[in-house]
Every structure is written in C-alpha cells, then in structure tokens.
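As provided, data.cif (mmCIF, C-alpha atoms) reads as follows.
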```cif
data_entry
#
loop_
_atom_site.label_atom_id
_atom_site.label_comp_id
_atom_site.auth_asym_id
_atom_site.auth_seq_id
_atom_site.Cartn_x
_atom_site.Cartn_y
_atom_site.Cartn_z
CA MET A 1 45.58 -92.10 175.00
CA ILE A 2 43.94 -92.87 178.34
CA ARG A 3 42.64 -96.40 178.89
CA THR A 4 39.17 -96.65 180.45
CA VAL A 5 36.96 -99.67 181.13
CA THR A 6 34.89 -98.91 178.04
CA GLY A 7 37.77 -98.14 175.69
CA ASP A 8 40.62 -95.75 175.03
CA ARG A 9 40.05 -91.99 175.10
CA ASP A 10 41.84 -88.96 173.82
CA PRO A 11 43.20 -87.11 176.89
CA ALA A 12 41.72 -83.90 175.51
CA ASP A 13 38.24 -85.41 175.93
CA LEU A 14 38.61 -86.62 179.53
CA GLY A 15 37.10 -83.63 181.39
CA ALA A 16 36.93 -82.97 185.14
CA THR A 17 38.53 -85.96 186.85
CA MET A 18 38.76 -87.39 190.36
CA ALA A 19 42.11 -89.20 190.42
CA HIS A 20 41.65 -91.67 193.32
CA GLU A 21 38.24 -93.19 194.10
CA HIS A 22 36.62 -96.53 194.93
CA LEU A 23 33.27 -97.64 193.54
CA LEU A 24 33.14 -101.43 193.98
CA MET A 25 34.95 -103.51 196.63
CA THR A 26 33.22 -106.81 197.27
CA GLY A 27 35.65 -109.07 199.13
CA GLY A 28 39.06 -109.71 200.61
CA TRP A 29 40.66 -109.30 204.02
CA PRO A 30 39.91 -105.56 204.49
CA ILE A 31 36.23 -105.98 203.69
CA ARG A 32 35.85 -108.98 206.01
CA HIS A 33 37.47 -107.11 208.89
CA GLU A 34 35.91 -103.71 208.22
CA PRO A 35 32.37 -104.00 206.79
CA ASP A 36 32.26 -100.26 206.09
CA PHE A 37 34.61 -100.91 203.17
CA ARG A 38 32.06 -103.15 201.44
CA LEU A 39 30.89 -101.29 198.35
CA ASP A 40 28.88 -103.98 196.59
CA SER A 41 25.98 -102.22 194.88
CA VAL A 42 26.21 -101.11 191.27
CA ASP A 43 22.95 -99.18 191.71
CA ALA A 44 24.32 -97.26 194.71
CA ALA A 45 27.49 -96.49 192.80
CA VAL A 46 25.52 -95.21 189.81
CA GLU A 47 23.47 -92.98 192.13
CA GLU A 48 26.64 -91.62 193.71
CA VAL A 49 28.46 -91.09 190.41
CA GLU A 50 25.46 -89.37 188.87
CA ARG A 51 25.68 -86.70 191.59
CA PHE A 52 29.29 -86.17 190.60
CA VAL A 53 28.35 -85.91 186.92
CA GLN A 54 25.53 -83.45 187.66
CA ALA A 55 28.07 -81.29 189.51
CA GLY A 56 30.27 -81.18 186.41
CA GLY A 57 32.39 -84.32 186.78
CA ALA A 58 33.32 -86.42 183.78
CA ALA A 59 35.88 -89.07 184.81
CA LEU A 60 37.39 -90.85 187.78
CA VAL A 61 40.14 -93.34 188.54
CA GLU A 62 38.85 -96.43 190.37
CA MET A 63 41.78 -97.48 192.55
CA THR A 64 40.58 -100.86 193.83
CA PRO A 65 43.51 -103.26 193.23
CA LEU A 66 43.92 -107.02 193.28
CA GLY A 67 42.62 -108.71 196.42
CA PHE A 68 39.68 -106.41 197.17
CA GLY A 69 36.94 -108.04 195.13
CA ARG A 70 37.17 -105.81 192.08
CA ASP A 71 34.23 -106.00 189.70
CA PRO A 72 35.40 -104.96 186.22
CA ASP A 73 32.09 -105.74 184.55
CA GLY A 74 30.33 -103.73 187.25
CA LEU A 75 32.63 -100.79 186.57
CA ALA A 76 31.80 -100.93 182.88
CA THR A 77 28.10 -100.97 183.74
CA ILE A 78 28.50 -97.94 186.03
CA SER A 79 30.36 -96.11 183.26
CA ARG A 80 27.70 -96.81 180.67
CA ARG A 81 24.76 -95.99 182.93
CA SER A 82 26.21 -92.77 184.35
CA GLY A 83 28.22 -91.52 181.40
CA VAL A 84 31.38 -91.15 183.50
CA ALA A 85 34.74 -92.38 182.18
CA ILE A 86 36.35 -94.88 184.58
CA VAL A 87 40.04 -95.76 184.63
CA ALA A 88 40.51 -99.12 186.42
CA THR A 89 43.51 -100.37 188.37
CA THR A 90 45.77 -103.37 188.51
CA GLY A 91 48.47 -103.90 191.11
CA PHE A 92 48.58 -104.09 194.86
CA HIS A 93 47.61 -102.38 198.10
CA LYS A 94 49.60 -102.59 201.36
CA LEU A 95 51.14 -105.99 201.95
CA GLY A 96 49.33 -106.29 205.26
CA TYR A 97 46.12 -106.81 203.30
CA TYR A 98 47.38 -110.06 201.72
CA ALA A 99 47.81 -113.50 203.28
CA ASP A 100 51.40 -114.57 203.80
CA THR A 101 50.74 -117.44 201.37
CA HIS A 102 49.76 -115.10 198.53
CA TRP A 103 51.60 -115.57 195.24
CA LEU A 104 52.88 -111.99 195.30
CA TYR A 105 55.46 -113.11 197.89
CA ARG A 106 56.65 -116.02 195.72
CA TYR A 107 56.46 -115.05 192.07
CA PRO A 108 59.51 -113.39 190.51
CA SER A 109 59.08 -109.84 189.26
CA GLU A 110 59.01 -110.98 185.63
CA ARG A 111 56.01 -113.28 186.21
CA ILE A 112 54.17 -110.59 188.17
CA ALA A 113 54.83 -108.13 185.35
CA ASP A 114 53.26 -110.58 182.88
CA LEU A 115 50.09 -110.66 184.97
CA LEU A 116 49.91 -106.86 185.18
CA VAL A 117 50.56 -106.41 181.46
CA ALA A 118 47.75 -108.83 180.63
CA GLU A 119 45.27 -106.81 182.70
CA ILE A 120 46.26 -103.65 180.84
CA ALA A 121 46.51 -105.11 177.34
CA GLU A 122 43.86 -107.87 177.39
CA GLY A 123 41.42 -107.38 180.26
CA LEU A 124 41.00 -107.50 184.02
CA ASP A 125 40.67 -110.94 185.56
CA ARG A 126 37.19 -111.19 187.03
CA GLY A 127 38.61 -113.26 189.92
CA GLY A 128 41.41 -110.85 190.71
CA TYR A 129 44.02 -113.54 190.05
CA GLU A 130 42.78 -115.55 193.02
CA GLY A 131 42.96 -118.54 190.66
CA PRO A 132 43.38 -121.11 189.53
CA LEU A 133 41.47 -120.13 186.38
CA VAL A 134 41.68 -116.74 184.67
CA ASP A 135 38.46 -115.23 183.35
CA ARG A 136 39.10 -111.92 181.62
CA SER A 137 36.61 -109.11 181.29
CA PRO A 138 36.74 -106.86 178.21
CA ALA A 139 37.37 -103.99 180.65
CA ARG A 140 41.07 -103.18 180.83
CA ALA A 141 43.20 -101.46 183.45
CA GLY A 142 44.67 -98.04 182.75
CA VAL A 143 46.83 -97.56 185.83
CA MET A 144 48.98 -99.66 188.18
CA LYS A 145 49.04 -99.40 191.98
CA LEU A 146 51.93 -99.60 194.43
CA ALA A 147 51.57 -99.12 198.19
CA THR A 148 53.83 -98.71 201.20
CA GLU A 149 53.18 -98.82 204.94
CA TYR A 150 53.73 -96.03 207.46
CA HIS A 151 57.44 -95.14 207.12
CA ARG A 152 58.12 -98.65 205.82
CA ALA A 153 58.40 -100.53 202.53
CA GLY A 154 60.19 -103.90 202.66
CA PRO A 155 61.75 -106.39 200.22
CA ALA A 156 58.44 -107.54 198.76
CA VAL A 157 57.55 -103.96 197.83
CA GLU A 158 60.89 -103.61 196.06
CA ARG A 159 60.06 -106.70 193.96
CA LEU A 160 56.59 -105.37 193.18
CA ALA A 161 58.13 -102.06 192.11
CA GLU A 162 60.44 -103.99 189.79
CA ALA A 163 57.42 -105.80 188.31
CA ILE A 164 55.55 -102.52 187.84
CA GLY A 165 58.61 -101.05 186.14
CA LEU A 166 58.76 -103.95 183.70
CA ALA A 167 55.03 -103.63 183.00
CA HIS A 168 55.33 -99.87 182.55
CA THR A 169 58.07 -100.36 179.97
CA ARG A 170 55.83 -102.68 178.00
CA THR A 171 52.52 -100.79 178.31
CA GLY A 172 53.29 -97.19 179.21
CA ALA A 173 50.65 -97.33 181.95
CA PRO A 174 51.09 -94.76 184.74
CA VAL A 175 51.54 -95.69 188.39
CA SER A 176 49.32 -94.41 191.19
CA THR A 177 50.40 -95.06 194.76
CA HIS A 178 49.14 -95.38 198.29
CA THR A 179 51.27 -93.46 200.76
CA GLU A 180 50.34 -94.15 204.36
CA LYS A 181 49.75 -90.73 205.93
CA GLY A 182 51.84 -89.22 203.16
CA THR A 183 55.03 -91.03 204.17
CA MET A 184 57.57 -92.84 201.96
CA ALA A 185 56.84 -90.69 198.91
CA HIS A 186 60.50 -90.08 198.02
CA ALA A 187 61.21 -93.78 198.65
CA GLN A 188 58.40 -94.76 196.28
CA LEU A 189 59.80 -92.50 193.57
CA ASP A 190 63.28 -93.91 194.17
CA LEU A 191 62.07 -97.52 193.85
CA LEU A 192 60.01 -96.83 190.76
CA GLU A 193 62.67 -94.72 189.08
CA ALA A 194 65.22 -97.49 189.63
CA ALA A 195 62.73 -99.85 187.96
CA GLY A 196 62.37 -97.62 184.91
CA VAL A 197 59.33 -95.49 185.81
CA ALA A 198 60.02 -91.76 185.50
CA PRO A 199 58.50 -89.60 188.27
CA GLU A 200 56.38 -87.89 185.60
CA ALA A 201 54.48 -91.19 185.27
CA VAL A 202 53.76 -91.44 189.01
CA ILE A 203 50.79 -90.13 190.99
CA LEU A 204 51.43 -90.00 194.74
CA GLY A 205 48.21 -90.75 196.62
CA HIS A 206 47.03 -89.35 199.97
CA ILE A 207 49.97 -86.97 199.91
CA ASP A 208 48.04 -84.13 201.56
CA HIS A 209 47.80 -86.22 204.73
CA ASN A 210 51.32 -84.88 205.26
CA PRO A 211 50.61 -81.18 204.55
CA ASP A 212 54.24 -80.08 204.38
CA PRO A 213 54.57 -77.64 201.44
CA GLY A 214 58.36 -77.98 201.44
CA LEU A 215 58.26 -81.75 201.12
CA LEU A 216 55.49 -81.71 198.54
CA GLY A 217 57.38 -79.07 196.59
CA GLU A 218 60.39 -81.40 196.45
CA LEU A 219 58.22 -84.22 195.12
CA ALA A 220 56.63 -81.97 192.51
CA SER A 221 60.07 -80.73 191.48
CA ARG A 222 61.05 -84.33 190.80
CA GLY A 223 58.13 -84.45 188.36
CA ALA A 224 55.59 -86.52 190.32
CA TYR A 225 51.90 -85.70 190.47
CA LEU A 226 50.45 -84.97 193.92
CA CYS A 227 46.96 -86.35 194.55
CA CYS A 228 45.18 -84.35 197.23
CA ASP A 229 42.28 -86.52 198.39
CA MET A 230 41.43 -85.31 201.89
CA PRO A 231 38.70 -82.72 201.09
CA GLY A 232 35.50 -83.52 202.94
CA ARG A 233 37.03 -86.15 205.22
CA ILE A 234 37.20 -83.84 208.17
CA LYS A 235 38.21 -86.56 210.62
CA TYR A 236 41.68 -86.38 209.04
CA GLY A 237 41.88 -82.60 209.02
CA PRO A 238 39.85 -79.52 208.04
CA ASP A 239 39.49 -78.40 204.45
CA SER A 240 41.23 -75.15 205.45
CA GLN A 241 44.44 -77.15 205.91
CA THR A 242 44.31 -78.49 202.35
CA LEU A 243 43.31 -75.10 200.96
CA ALA A 244 46.32 -73.45 202.61
CA LEU A 245 48.59 -76.22 201.33
CA LEU A 246 47.34 -75.77 197.78
CA ALA A 247 47.83 -72.02 197.97
CA ASP A 248 51.44 -72.55 199.06
CA LEU A 249 52.11 -75.09 196.31
CA ASP A 250 50.56 -72.86 193.66
CA ALA A 251 52.58 -69.85 194.83
CA ALA A 252 55.74 -71.97 194.54
CA GLY A 253 54.93 -72.83 190.93
CA HIS A 254 53.71 -76.41 191.41
CA GLY A 255 50.13 -76.01 190.20
CA GLY A 256 50.85 -78.21 187.20
CA ARG A 257 51.49 -81.26 189.38
CA ILE A 258 48.31 -81.29 191.52
CA LEU A 259 45.37 -83.68 191.17
CA PHE A 260 42.15 -83.90 193.19
CA ALA A 261 40.14 -86.80 194.62
CA GLY A 262 37.98 -87.80 197.57
CA ASP A 263 39.10 -91.41 198.18
CA LEU A 264 35.60 -92.21 199.41
CA ALA A 265 36.19 -95.91 200.03
CA ARG A 266 33.57 -96.43 202.76
CA ARG A 267 29.80 -96.85 202.76
CA SER A 268 29.65 -94.17 205.44
CA TYR A 269 31.07 -91.64 202.94
CA TRP A 270 28.23 -92.10 200.43
CA PRO A 271 24.80 -90.43 200.57
CA ALA A 272 23.61 -93.45 198.56
CA TYR A 273 24.27 -95.53 201.69
CA GLY A 274 23.05 -92.82 204.09
CA GLY A 275 26.43 -91.17 204.71
CA GLY A 276 28.57 -88.30 203.42
CA PRO A 277 30.23 -86.17 202.10
CA GLY A 278 29.62 -87.86 198.73
CA LEU A 279 31.40 -87.84 195.39
CA ASP A 280 30.00 -84.43 194.45
CA TYR A 281 31.51 -82.69 197.51
CA LEU A 282 34.77 -81.77 195.80
CA LEU A 283 32.98 -79.93 192.99
CA THR A 284 30.09 -78.46 194.96
CA THR A 285 31.91 -77.40 198.15
CA PHE A 286 35.71 -77.60 197.99
CA VAL A 287 36.39 -76.15 194.54
CA PRO A 288 34.12 -73.13 195.14
CA ARG A 289 36.23 -72.34 198.21
CA LEU A 290 39.36 -72.47 196.04
CA ARG A 291 37.76 -70.09 193.56
CA ALA A 292 36.78 -67.73 196.38
CA MET A 293 40.47 -67.64 197.35
CA GLY A 294 41.42 -66.59 193.81
CA LEU A 295 42.64 -70.09 192.94
CA GLY A 296 40.12 -70.91 190.23
CA ALA A 297 42.85 -71.42 187.63
CA LEU A 298 44.57 -73.94 189.92
CA ALA A 299 41.29 -75.81 190.39
CA GLU A 300 40.76 -76.02 186.64
CA ARG A 301 44.28 -77.35 186.05
CA ALA A 302 43.99 -79.91 188.85
CA LEU A 303 40.65 -81.17 187.55
CA VAL A 304 41.21 -81.18 183.78
CA ALA A 305 44.66 -80.46 182.32
CA ASN A 306 46.77 -82.24 184.94
CA PRO A 307 44.89 -85.60 184.99
CA ALA A 308 44.79 -85.57 181.19
CA ARG A 309 48.60 -85.60 181.25
CA ALA A 310 49.08 -87.83 184.29
CA LEU A 311 46.84 -90.67 183.14
CA ARG A 312 47.99 -91.09 179.55
CA LEU A 313 49.74 -94.23 178.38
CA ARG A 314 53.37 -93.33 177.66
CA LEU A 315 54.19 -95.40 174.58
#
```

Would you give me this structure, written as structure tokens?
Amino acid sequence: MIRTVTGDRDPADLGATMAHEHLLMTGGWPIRHEPDFRLDSVDAAVEEVERFVQAGGAALVEMTPLGFGRDPDGLATISRRSGVAIVATTGFHKLGYYADTHWLYRYPSERIADLLVAEIAEGLDRGGYEGPLVDRSPARAGVMKLATEYHRAGPAVERLAEAIGLAHTRTGAPVSTHTEKGTMAHAQLDLLEAAGVAPEAVILGHIDHNPDPGLLGELASRGAYLCCDMPGRIKYGPDSQTLALLADLDAAGHGGRILFAGDLARRSYWPAYGGGPGLDYLLTTFVPRLRAMGLGALAERALVANPARALRLRL
C-alpha cells in the first residue's frame, strides 16, 4: 500500500504522480531568510494543484520535512478539495537549516527513529516536533527524508541515516533524499544500505542536476529510483539537457528507475502567486516533448508504474 494524508491506497490506483513537490511551508529558518519559500495559502495550493489535476495528474509527494512549518491538516484539506492524493514526509532537510541546539544533534538514533515511526504509524505532529507538546494530526507520513550538503555529509547525517534505517525496518516506509546538485548519491545509498534500507526503497532527489548518464546509470543499477525534477526550472539548465539525459538512460535500460517532479518550492514558481512554470508544466509541456522524441512509453512508466512501486510501504 501507499500511505497518503487521507488514508492508504492501492499502488495500482495511484495514477500520474509527481514524486517531489512542496505545497505548504509556513515557517523555519529557510522561510525567514528567503521569503520566496513561504507557501502559506491553502487556497493558492488548491488552485495550483487543480491545474495539475486538469492536465491529467493524480498524486504527488509533498516533501516538506520537519523544521519548515509543515501543515498536515492543510495538506489533507488540499487533497480533499482538489482530489489529488498527497504523500507527506517526515525526516530532515540539510543540517544547515537547523539550529545547532536542535534535538536532532543530541538524540540517539533509536529515539529519533521512535519519532519518525510515530509520524508514519500514528500521525504527523502539527508542531513539527518543535515541542514541548506533541499534537498529532490524523494525516500520516508515507515517506522519510534524508539530505546531504554539496559533496559533504557529516557525523550527524550518519546518525540520521541510522534512525531512518530503524524506522524503515519497523514501518517499511520508503526514503526520498535531497542531493545537493546531484552530489553524494552513492554515499547516501551506502549510508542507508548500511542502516538496513535497500536501494530499491530509496528515491534520489534532484539527481538530474548532475546530468551524467554514466553516474546515474550506476545508481539505477544499484536499484535506486532517480527523481528528475528540473523540468521548467530553466535557471538550472534547459529542458533539452534533461530530455537528452532521459533518452540516454532509457537506451541503457534504466527506464524502470525514473521518476518525475518539478520541486516547485517557491512562490515565484506558481501561477497562483503570479509566477511560473506551475505544477501543470511537466504534463502540459515537458512530457509532450518526450512523446515527440518517441519516449512516450518512458514518460508513462515514470509517471505511473515507477512511482507506484517506489512509494509503497515494504512490509
């Protein structure tokens, strides 16, 4: 099954899925220092998601972790109003986003695992474990997040990977990562595999920011899923770069490991806030270009079959 904020779903019923998005981020260090990250309107999110649904979308993974002002009740409202299935996240972003007094630096991996398991099995804490009281929403997490810096992890990340491994063993929840510019992907798989998470249960995020088909082929061969989330964000590179990368990966036999997303984590990316390209861009602009290249079958796998496998609870 796949765990969404409104209940568990049969993977066969998931439909076209964006595997790494952000709908609500209402607080925390990144939002205070970069106001463009503040996504605080349920109505704007519903408007944005409805465009995605009208274009043929059915589900998305909301990757906002602890410390960013998650709103689990808001996510459930967005899901019910728009009809989209939303998989929510527990876990952590880059350590630079957390104060050096945060409990993640002090708690042993076993205690951190307990907190993650509770968000998957019982419900997301409305306060994001900022404490001291815990107030659980009925909405539960369906994926765990791990992040590394540019070419760097560190001892705290190793402990978080251990905690995620313990939680994965108890819940079967998959792991979705943040790779900074596509670096540290093999290191992430090494850390997680040592903690008991098979590469087949790992989704490597932002991996197309390092458009090296040889490297990505190695990662796919290990069993990991590759989330390509650059389409439409031209400031990082043209769509032609990602299209060529996907063609290479498909020709090498790795089409079964590819996922798509937009990672539209800024107000300036949303037409609902007066920006672009919007959540519907992948389906209305990028996927048609793939089909025109003769890669329609790849697009269908990356949107439907692959996320249905990648996001299931492995119990």

Legend entry - Selection under test: the PyMOL selection byres ((chain A and resi 299) around 12); residues as a PyMOL selection string: chain A and resi 16-18+228+243+246-247+250+255-261+282-283+286-298+300-307

Go ahead and dump the residues you just picked, C-alpha atoms, as a short mmCIF file (atom, residue, chain, number, x, y, z; two decimals), in the coordinates of the input.
```
data_model
loop_
_atom_site.label_atom_id
_atom_site.label_comp_id
_atom_site.auth_asym_id
_atom_site.auth_seq_id
_atom_site.Cartn_x
_atom_site.Cartn_y
_atom_site.Cartn_z
CA ALA A 16 36.93 -82.97 185.14
CA THR A 17 38.53 -85.96 186.85
CA MET A 18 38.76 -87.39 190.36
CA CYS A 228 45.18 -84.35 197.23
CA LEU A 243 43.31 -75.10 200.96
CA LEU A 246 47.34 -75.77 197.78
CA ALA A 247 47.83 -72.02 197.97
CA ASP A 250 50.56 -72.86 193.66
CA GLY A 255 50.13 -76.01 190.20
CA GLY A 256 50.85 -78.21 187.20
CA ARG A 257 51.49 -81.26 189.38
CA ILE A 258 48.31 -81.29 191.52
CA LEU A 259 45.37 -83.68 191.17
CA PHE A 260 42.15 -83.90 193.19
CA ALA A 261 40.14 -86.80 194.62
CA LEU A 282 34.77 -81.77 195.80
CA LEU A 283 32.98 -79.93 192.99
CA PHE A 286 35.71 -77.60 197.99
CA VAL A 287 36.39 -76.15 194.54
CA PRO A 288 34.12 -73.13 195.14
CA ARG A 289 36.23 -72.34 198.21
CA LEU A 290 39.36 -72.47 196.04
CA ARG A 291 37.76 -70.09 193.56
CA ALA A 292 36.78 -67.73 196.38
CA MET A 293 40.47 -67.64 197.35
CA GLY A 294 41.42 -66.59 193.81
CA LEU A 295 42.64 -70.09 192.94
CA GLY A 296 40.12 -70.91 190.23
CA ALA A 297 42.85 -71.42 187.63
CA LEU A 298 44.57 -73.94 189.92
CA GLU A 300 40.76 -76.02 186.64
CA ARG A 301 44.28 -77.35 186.05
CA ALA A 302 43.99 -79.91 188.85
CA LEU A 303 40.65 -81.17 187.55
CA VAL A 304 41.21 -81.18 183.78
CA ALA A 305 44.66 -80.46 182.32
CA ASN A 306 46.77 -82.24 184.94
CA PRO A 307 44.89 -85.60 184.99
#
```

Legend entry - CA of Met144 (chain A) to CA of His186 (chain A), distance in Å rounded to a single decimal: 17.9 Å

Excluding Gly154 (chain A) and its own-chain neighbours fewer than 3 positions away, which residues fall within 12 Å of it when counting all atoms listed in the file? Please give them as a compact mmCIF listing (two decimals) with C-alpha atoms, in the coordinates of the input.
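Listed below is the output, part_10.txt:
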```txt
# COMPACT_ATOMS: atom_id res chain seq x y z
CA LYS A 94 49.60 -102.59 201.36
CA LEU A 95 51.14 -105.99 201.95
CA GLY A 96 49.33 -106.29 205.26
CA TYR A 105 55.46 -113.11 197.89
CA ALA A 147 51.57 -99.12 198.19
CA THR A 148 53.83 -98.71 201.20
CA GLU A 149 53.18 -98.82 204.94
CA TYR A 150 53.73 -96.03 207.46
CA HIS A 151 57.44 -95.14 207.12
CA VAL A 157 57.55 -103.96 197.83
CA GLU A 158 60.89 -103.61 196.06
CA ARG A 159 60.06 -106.70 193.96
CA LEU A 160 56.59 -105.37 193.18
CA ALA A 161 58.13 -102.06 192.11
CA MET A 184 57.57 -92.84 201.96
CA ALA A 187 61.21 -93.78 198.65
CA GLN A 188 58.40 -94.76 196.28
CA LEU A 191 62.07 -97.52 193.85
```

Inset, instruction - Compile the contact shell of Ala121 (chain A) as a PyMOL selection string: residues with an atom at most 10 Å away, counting only C-alpha atoms, same-chain residues fewer than 3 positions apart removed. - result: chain A and resi 3+116-118+124+138-142+170-171+173

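Taken over the whole file, the PyMOL selection byres ((chain A and resi 198-209) around 7) covers exactly Pro174, Val175, Ser176, Thr177, His178, Thr179, Lys181, Gly182, Ala185, Leu189, Glu193, Gly196, Val197, Asn210, Pro211, Arg222, Gly223, Ala224, Tyr225, Leu226, Cys227, Cys228, Asp229, Met230, Thr242 and Ala310 of chain A.
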
Inset, instruction - For the structure shown, which residues end up in the PyMOL selection byres ((chain A and resi 72-83) around 10)? Put them as a VMD selection string, please? - result: chain A and resid 4 to 7 23 to 24 40 to 54 57 to 60 62 69 to 71 84 to 89 123 to 128 136 to 141

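Minimum atom-to-atom distance to Met63 (chain A), evaluated using only C-alpha atoms, belongs to A:Gly91 out of A:Gly253, A:Gly275, A:Gly91, A:Gly237.
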
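We find CA of Gly172 (chain A) and CA of Glu122 (chain A) to be spaced 14.4 Å apart.
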